[in-house]
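Asks: Just structure-v4.tsv, nothing more (TSV, C-alpha atoms):
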chain	number	residue	atom	x	y	z
A	1	MET	CA	13.27	1.13	75.78
A	2	HIS	CA	13.05	-0.99	72.71
A	3	ARG	CA	9.63	-1.02	71.13
A	4	SER	CA	8.34	1.16	73.85
A	5	ALA	CA	5.26	3.19	73.00
A	6	ALA	CA	7.17	6.15	71.58
A	7	LEU	CA	9.62	4.08	69.54
A	8	ARG	CA	7.04	1.71	68.13
A	9	ARG	CA	4.94	4.68	67.11
A	10	LEU	CA	7.93	6.22	65.34
A	11	GLY	CA	8.47	2.98	63.44
A	12	ARG	CA	4.88	2.71	62.30
A	13	THR	CA	4.88	6.38	61.37
A	14	LEU	CA	7.92	6.06	59.13
A	15	LEU	CA	6.63	2.97	57.38
A	16	LEU	CA	3.19	4.45	56.79
A	17	ALA	CA	4.75	7.69	55.58
A	18	VAL	CA	6.56	5.68	52.91
A	19	VAL	CA	3.27	4.36	51.62
A	20	ILE	CA	1.61	7.76	51.66
A	21	GLY	CA	4.60	9.44	50.04
A	22	LEU	CA	4.86	6.90	47.24
A	23	ALA	CA	1.13	7.18	46.62
A	24	GLY	CA	1.60	10.89	45.99
A	25	CYS	CA	-0.90	12.09	48.56
A	26	ALA	CA	-1.01	15.85	49.09
A	27	THR	CA	-0.73	17.47	52.49
A	28	GLY	CA	-3.53	19.60	53.87
A	29	PRO	CA	-3.64	23.39	54.10
A	30	TYR	CA	-1.50	25.37	56.50
A	31	PRO	CA	-2.20	25.72	59.35
A	32	ASP	CA	-3.59	22.26	60.05
A	33	PRO	CA	-6.25	22.45	62.81
A	34	ARG	CA	-4.87	19.23	64.30
A	35	ASP	CA	-1.46	20.87	64.65
A	36	PRO	CA	-1.83	24.24	66.41
A	37	LEU	CA	1.77	23.99	67.64
A	38	GLU	CA	3.21	23.46	64.17
A	39	ASP	CA	5.99	26.03	64.48
A	40	PHE	CA	7.25	24.41	67.68
A	41	ASN	CA	6.71	20.92	66.26
A	42	ARG	CA	8.71	21.65	63.13
A	43	ALA	CA	11.56	22.96	65.28
A	44	ALA	CA	11.41	19.84	67.46
A	45	HIS	CA	11.27	17.66	64.35
A	46	SER	CA	14.39	19.37	62.96
A	47	PHE	CA	16.14	18.92	66.32
A	48	ASN	CA	15.27	15.21	66.38
A	49	GLU	CA	16.47	14.82	62.79
A	50	MET	CA	19.78	16.45	63.73
A	51	ILE	CA	20.24	14.07	66.68
A	52	ASP	CA	19.32	11.15	64.45
A	53	ARG	CA	21.84	12.07	61.75
A	54	ALA	CA	24.63	12.82	64.23
A	55	VAL	CA	24.15	9.95	66.69
A	56	LEU	CA	21.42	7.37	66.15
A	57	LYS	CA	21.80	6.70	62.44
A	58	PRO	CA	25.59	6.12	62.57
A	59	LEU	CA	25.22	3.85	65.61
A	60	ALA	CA	22.39	1.93	63.95
A	61	GLY	CA	24.38	1.52	60.76
A	62	GLY	CA	27.37	0.16	62.66
A	63	TYR	CA	25.14	-2.15	64.69
A	64	GLN	CA	23.50	-3.48	61.52
A	65	TYR	CA	26.89	-4.02	59.89
A	66	ILE	CA	28.45	-6.04	62.71
A	67	THR	CA	25.37	-7.94	63.98
A	68	PRO	CA	24.51	-11.26	62.30
A	69	GLU	CA	20.89	-11.41	61.16
A	70	PRO	CA	19.89	-14.24	63.58
A	71	VAL	CA	21.30	-12.24	66.51
A	72	ASP	CA	19.53	-9.07	65.34
A	73	ARG	CA	16.25	-10.96	65.10
A	74	GLY	CA	16.77	-12.41	68.57
A	75	VAL	CA	17.35	-8.95	70.06
A	76	THR	CA	14.17	-7.67	68.41
A	77	ASN	CA	12.22	-10.69	69.70
A	78	PHE	CA	13.54	-10.10	73.23
A	79	PHE	CA	12.24	-6.54	73.36
A	80	ASN	CA	8.97	-7.51	71.70
A	81	ASN	CA	8.47	-10.04	74.48
A	82	LEU	CA	8.91	-7.33	77.12
A	83	ALA	CA	6.43	-5.10	75.29
A	84	ASP	CA	3.85	-7.91	75.29
A	85	VAL	CA	3.60	-7.52	79.08
A	86	ARG	CA	2.37	-3.95	78.65
A	87	SER	CA	0.09	-5.01	75.81
A	88	ALA	CA	-1.57	-7.61	78.03
A	89	LEU	CA	-2.28	-5.02	80.71
A	90	ASN	CA	-3.80	-2.58	78.22
A	91	ASN	CA	-5.94	-5.23	76.57
A	92	LEU	CA	-7.25	-6.04	80.03
A	93	LEU	CA	-7.99	-2.35	80.70
A	94	GLN	CA	-9.85	-2.21	77.38
A	95	PHE	CA	-11.88	-5.30	78.42
A	96	LYS	CA	-10.46	-7.30	75.52
A	97	ILE	CA	-10.10	-10.37	77.67
A	98	GLY	CA	-9.33	-12.82	74.86
A	99	ARG	CA	-6.51	-10.63	73.58
A	100	ALA	CA	-5.16	-10.14	77.10
A	101	PHE	CA	-4.97	-13.92	77.59
A	102	SER	CA	-3.26	-14.22	74.20
A	103	ASP	CA	-0.63	-11.67	75.25
A	104	VAL	CA	-0.08	-13.48	78.55
A	105	GLY	CA	0.27	-16.74	76.63
A	106	ARG	CA	2.85	-15.14	74.35
A	107	VAL	CA	4.94	-13.96	77.28
A	108	ALA	CA	4.73	-17.35	79.00
A	109	VAL	CA	5.69	-19.32	75.89
A	110	ASN	CA	8.40	-17.00	74.61
A	111	SER	CA	9.96	-16.48	78.03
A	112	THR	CA	10.34	-20.24	78.56
A	113	ILE	CA	10.42	-22.23	75.32
A	114	GLY	CA	11.64	-19.14	73.47
A	115	VAL	CA	14.58	-18.66	75.89
A	116	LEU	CA	13.76	-15.31	77.52
A	117	GLY	CA	12.00	-14.13	74.37
A	118	LEU	CA	14.96	-14.51	72.01
A	119	MET	CA	12.80	-16.76	69.83
A	120	ASP	CA	9.21	-15.93	68.88
A	121	VAL	CA	7.73	-19.37	69.38
A	122	ALA	CA	4.28	-17.98	70.22
A	123	SER	CA	3.62	-16.61	66.73
A	124	ASN	CA	4.01	-20.13	65.35
A	125	MET	CA	1.38	-21.24	67.86
A	126	ASN	CA	-1.19	-18.77	66.47
A	127	LEU	CA	-0.76	-16.30	69.31
A	128	PRO	CA	-0.55	-12.93	67.48
A	129	ARG	CA	1.00	-9.72	68.81
A	130	TYR	CA	-1.48	-6.92	69.55
A	131	ASN	CA	0.89	-4.12	70.58
A	132	GLU	CA	-1.55	-2.21	72.76
A	133	ASP	CA	-0.43	0.82	74.76
A	134	PHE	CA	-2.02	3.23	77.22
A	135	GLY	CA	-2.58	5.91	74.58
A	136	GLN	CA	-4.78	3.42	72.74
A	137	THR	CA	-6.50	2.52	76.00
A	138	LEU	CA	-7.37	6.18	76.61
A	139	GLY	CA	-8.70	6.38	73.06
A	140	VAL	CA	-10.91	3.33	73.62
A	141	TRP	CA	-12.22	5.02	76.77
A	142	GLY	CA	-13.26	7.99	74.62
A	143	VAL	CA	-10.38	10.39	75.26
A	144	GLY	CA	-9.63	12.44	72.13
A	145	SER	CA	-6.11	12.60	70.79
A	146	GLY	CA	-5.77	16.35	71.34
A	147	PRO	CA	-3.22	18.43	69.41
A	148	PHE	CA	-0.38	16.76	67.58
A	149	ILE	CA	3.00	17.33	69.24
A	150	VAL	CA	6.58	16.36	68.48
A	151	ILE	CA	8.44	15.47	71.66
A	152	PRO	CA	12.18	16.21	71.62
A	153	PHE	CA	14.20	12.95	71.48
A	154	LEU	CA	11.01	10.84	71.30
A	155	GLY	CA	9.31	11.97	68.10
A	156	PRO	CA	5.66	12.34	66.98
A	157	SER	CA	2.91	12.07	69.56
A	158	SER	CA	-0.26	13.78	70.76
A	159	VAL	CA	-1.40	15.15	74.10
A	160	ARG	CA	-3.26	11.92	74.81
A	161	ASP	CA	-0.42	9.68	73.68
A	162	GLY	CA	2.10	11.80	75.58
A	163	VAL	CA	0.23	11.00	78.79
A	164	GLY	CA	0.18	7.38	77.68
A	165	LEU	CA	3.96	7.35	77.30
A	166	VAL	CA	4.39	8.03	81.02
A	167	VAL	CA	2.12	5.14	82.01
A	168	ASP	CA	3.74	2.90	79.39
A	169	TRP	CA	7.15	3.47	80.97
A	170	TRP	CA	5.84	2.75	84.46
A	171	THR	CA	4.32	-0.52	83.26
A	172	HIS	CA	7.27	-1.67	81.15
A	173	PRO	CA	9.40	-4.46	82.69
A	174	LEU	CA	12.59	-2.43	82.17
A	175	TYR	CA	11.28	0.17	84.64
A	176	TYR	CA	11.67	-2.41	87.41
A	177	VAL	CA	15.29	-3.33	86.68
A	178	ASP	CA	17.17	-2.35	89.85
A	179	ASP	CA	20.59	-2.03	88.23
A	180	THR	CA	20.58	1.44	86.63
A	181	THR	CA	23.54	0.66	84.38
A	182	LEU	CA	21.88	-2.50	83.08
A	183	GLN	CA	18.54	-0.75	82.72
A	184	TRP	CA	19.83	2.07	80.52
A	185	SER	CA	22.13	-0.26	78.60
A	186	LEU	CA	19.06	-2.26	77.61
A	187	VAL	CA	17.18	0.92	76.75
A	188	GLY	CA	20.05	2.01	74.52
A	189	LEU	CA	20.33	-1.39	72.85
A	190	GLY	CA	16.61	-1.43	72.16
A	191	LEU	CA	16.72	2.04	70.63
A	192	ILE	CA	19.65	1.22	68.35
A	193	ASP	CA	18.10	-2.08	67.31
A	194	LEU	CA	14.87	-0.36	66.34
A	195	ARG	CA	16.66	2.42	64.47
A	196	ALA	CA	18.63	-0.19	62.52
A	197	ASP	CA	15.35	-1.84	61.50
A	198	LEU	CA	14.13	1.51	60.15
A	199	LEU	CA	17.17	2.59	58.14
A	200	GLY	CA	15.64	1.64	54.80
A	201	ALA	CA	12.25	3.16	55.58
A	202	SER	CA	13.67	6.52	56.69
A	203	ARG	CA	15.73	6.81	53.50
A	204	VAL	CA	12.63	6.33	51.36
A	205	VAL	CA	10.63	8.89	53.38
A	206	ASN	CA	13.31	11.54	52.99
A	207	GLN	CA	13.61	10.90	49.27
A	208	ALA	CA	9.92	10.53	48.39
A	209	ALA	CA	8.16	13.12	50.57
A	210	LEU	CA	8.16	16.77	49.56
A	211	ASP	CA	7.52	17.69	53.21
A	212	PRO	CA	8.67	14.82	55.47
A	213	TYR	CA	7.32	16.54	58.59
A	214	ALA	CA	3.78	16.82	57.19
A	215	PHE	CA	3.81	13.24	55.89
A	216	ILE	CA	4.98	11.88	59.23
A	217	ARG	CA	2.37	13.93	61.10
A	218	ASP	CA	-0.48	12.77	58.86
A	219	ALA	CA	0.71	9.18	58.90
A	220	TYR	CA	1.05	9.17	62.68
A	221	LEU	CA	-2.43	10.56	63.32
A	222	GLN	CA	-4.07	8.22	60.82
A	223	ARG	CA	-2.22	5.22	62.20
A	224	ARG	CA	-3.13	6.01	65.80
A	225	GLU	CA	-6.79	6.46	64.88
A	226	SER	CA	-6.71	3.08	63.15
A	227	LEU	CA	-5.07	1.40	66.15
A	228	VAL	CA	-7.61	2.79	68.62
A	229	HIS	CA	-10.39	1.25	66.50
A	230	ASP	CA	-8.53	-2.00	65.82
A	231	GLY	CA	-8.14	-1.24	62.14
A	232	ASN	CA	-11.74	-0.06	61.59
A	233	PRO	CA	-11.80	3.68	62.25
A	234	PRO	CA	-15.08	5.57	61.72
A	235	GLU	CA	-15.67	7.34	58.43
If you convert what's in this file into structure tokens, what do you get?

Replies:
Amino acid sequence: MHRSAALRRLGRTLLLAVVIGLAGCATGPYPDPRDPLEDFNRAAHSFNEMIDRAVLKPLAGGYQYITPEPVDRGVTNFFNNLADVRSALNNLLQFKIGRAFSDVGRVAVNSTIGVLGLMDVASNMNLPRYNEDFGQTLGVWGVGSGPFIVIPFLGPSSVRDGVGLVVDWWTHPLYYVDDTTLQWSLVGLGLIDLRADLLGASRVVNQAALDPYAFIRDAYLQRRESLVHDGNPPE
């Protein structure tokens, strides 16, 4: 599912890890109290990296090579538009009514004037994307993140965000596509499109970080904390 909770989190994690790595930040002591399952997580991280190198990265590279930039942007916009439906629901659950209406407005505008979301007309109408998910909603309700965990095939998460992933899938429009072949074809397309967008970022992470796993973990946890507090996490 393109830009689904898990995939969007992976994208933000990689990009933030680039910044942290280039800034030369040091990782914390071992073991990290936020990561009591580190041995398992490192194994899962290595497994995901192997799958990425063997399957996802080659497919993403081929997709990027053959897909014209306007088409690539349209595919990304299409999946962003689907994700805005989930964002609207979570903003409503967080009692952020103004943001929920903004998300609904985005879906309405982009699904009609934007031709099923292929064009992001709403952003030009000052309707920003908020990208809320159920993991963030649980955080706003006061649920702690719990231990960090790397989910095989899906990437970095936490106990709280892992629960959120299940709800996010149930509330994503692709879940309600009756045609199984079409449904999983769209999921696959979304995944490849996202991975293509991250090719440059992942190269920099692997080259700049002494311990890519630790950088990704720290970046993920910091980013999620920031998202729960709308960019203003507590000291």

Asks: Give me, as a list in words, all polymer residues having an atom no more than 12 Å from Gly114 of chain A, counting all atoms listed in the file and skipping those fewer than 3 positions away in the same chain.

Replies: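 Close residues of Gly114 of chain A: Gly74, Asn77, Phe78, Asn81, Arg106, Val107, Ala108, Val109, Asn110, Ser111, Gly117, Leu118, Met119, Asp120, Val121, Ala122, Ser123, Asn124 and Met125 of chain A.
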
Asks: Go through A:Leu182, A:Ile151, A:Leu194, A:Val228 and flag the residue nearest Glu49 of chain A, using only C-alpha atoms for the distances.

Replies: A:Ile151

Asks: Tell me, as a list in words, which residues lie within 10 Å of Gln183 of chain A, counting only C-alpha atoms; anything in the same chain fewer than 5 positions away does not count.

Replies: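 With the cut-off at 10 Å, the set is Met1, Pro173, Leu174, Tyr175, Tyr176, Val177, Asp178 and Gly188 of chain A.
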
Asks: Using Å and a single decimal, report how far atom CA of Asp193 of chain A sits from atom CA of Thr76 of chain A.

Replies: 6.9 Å
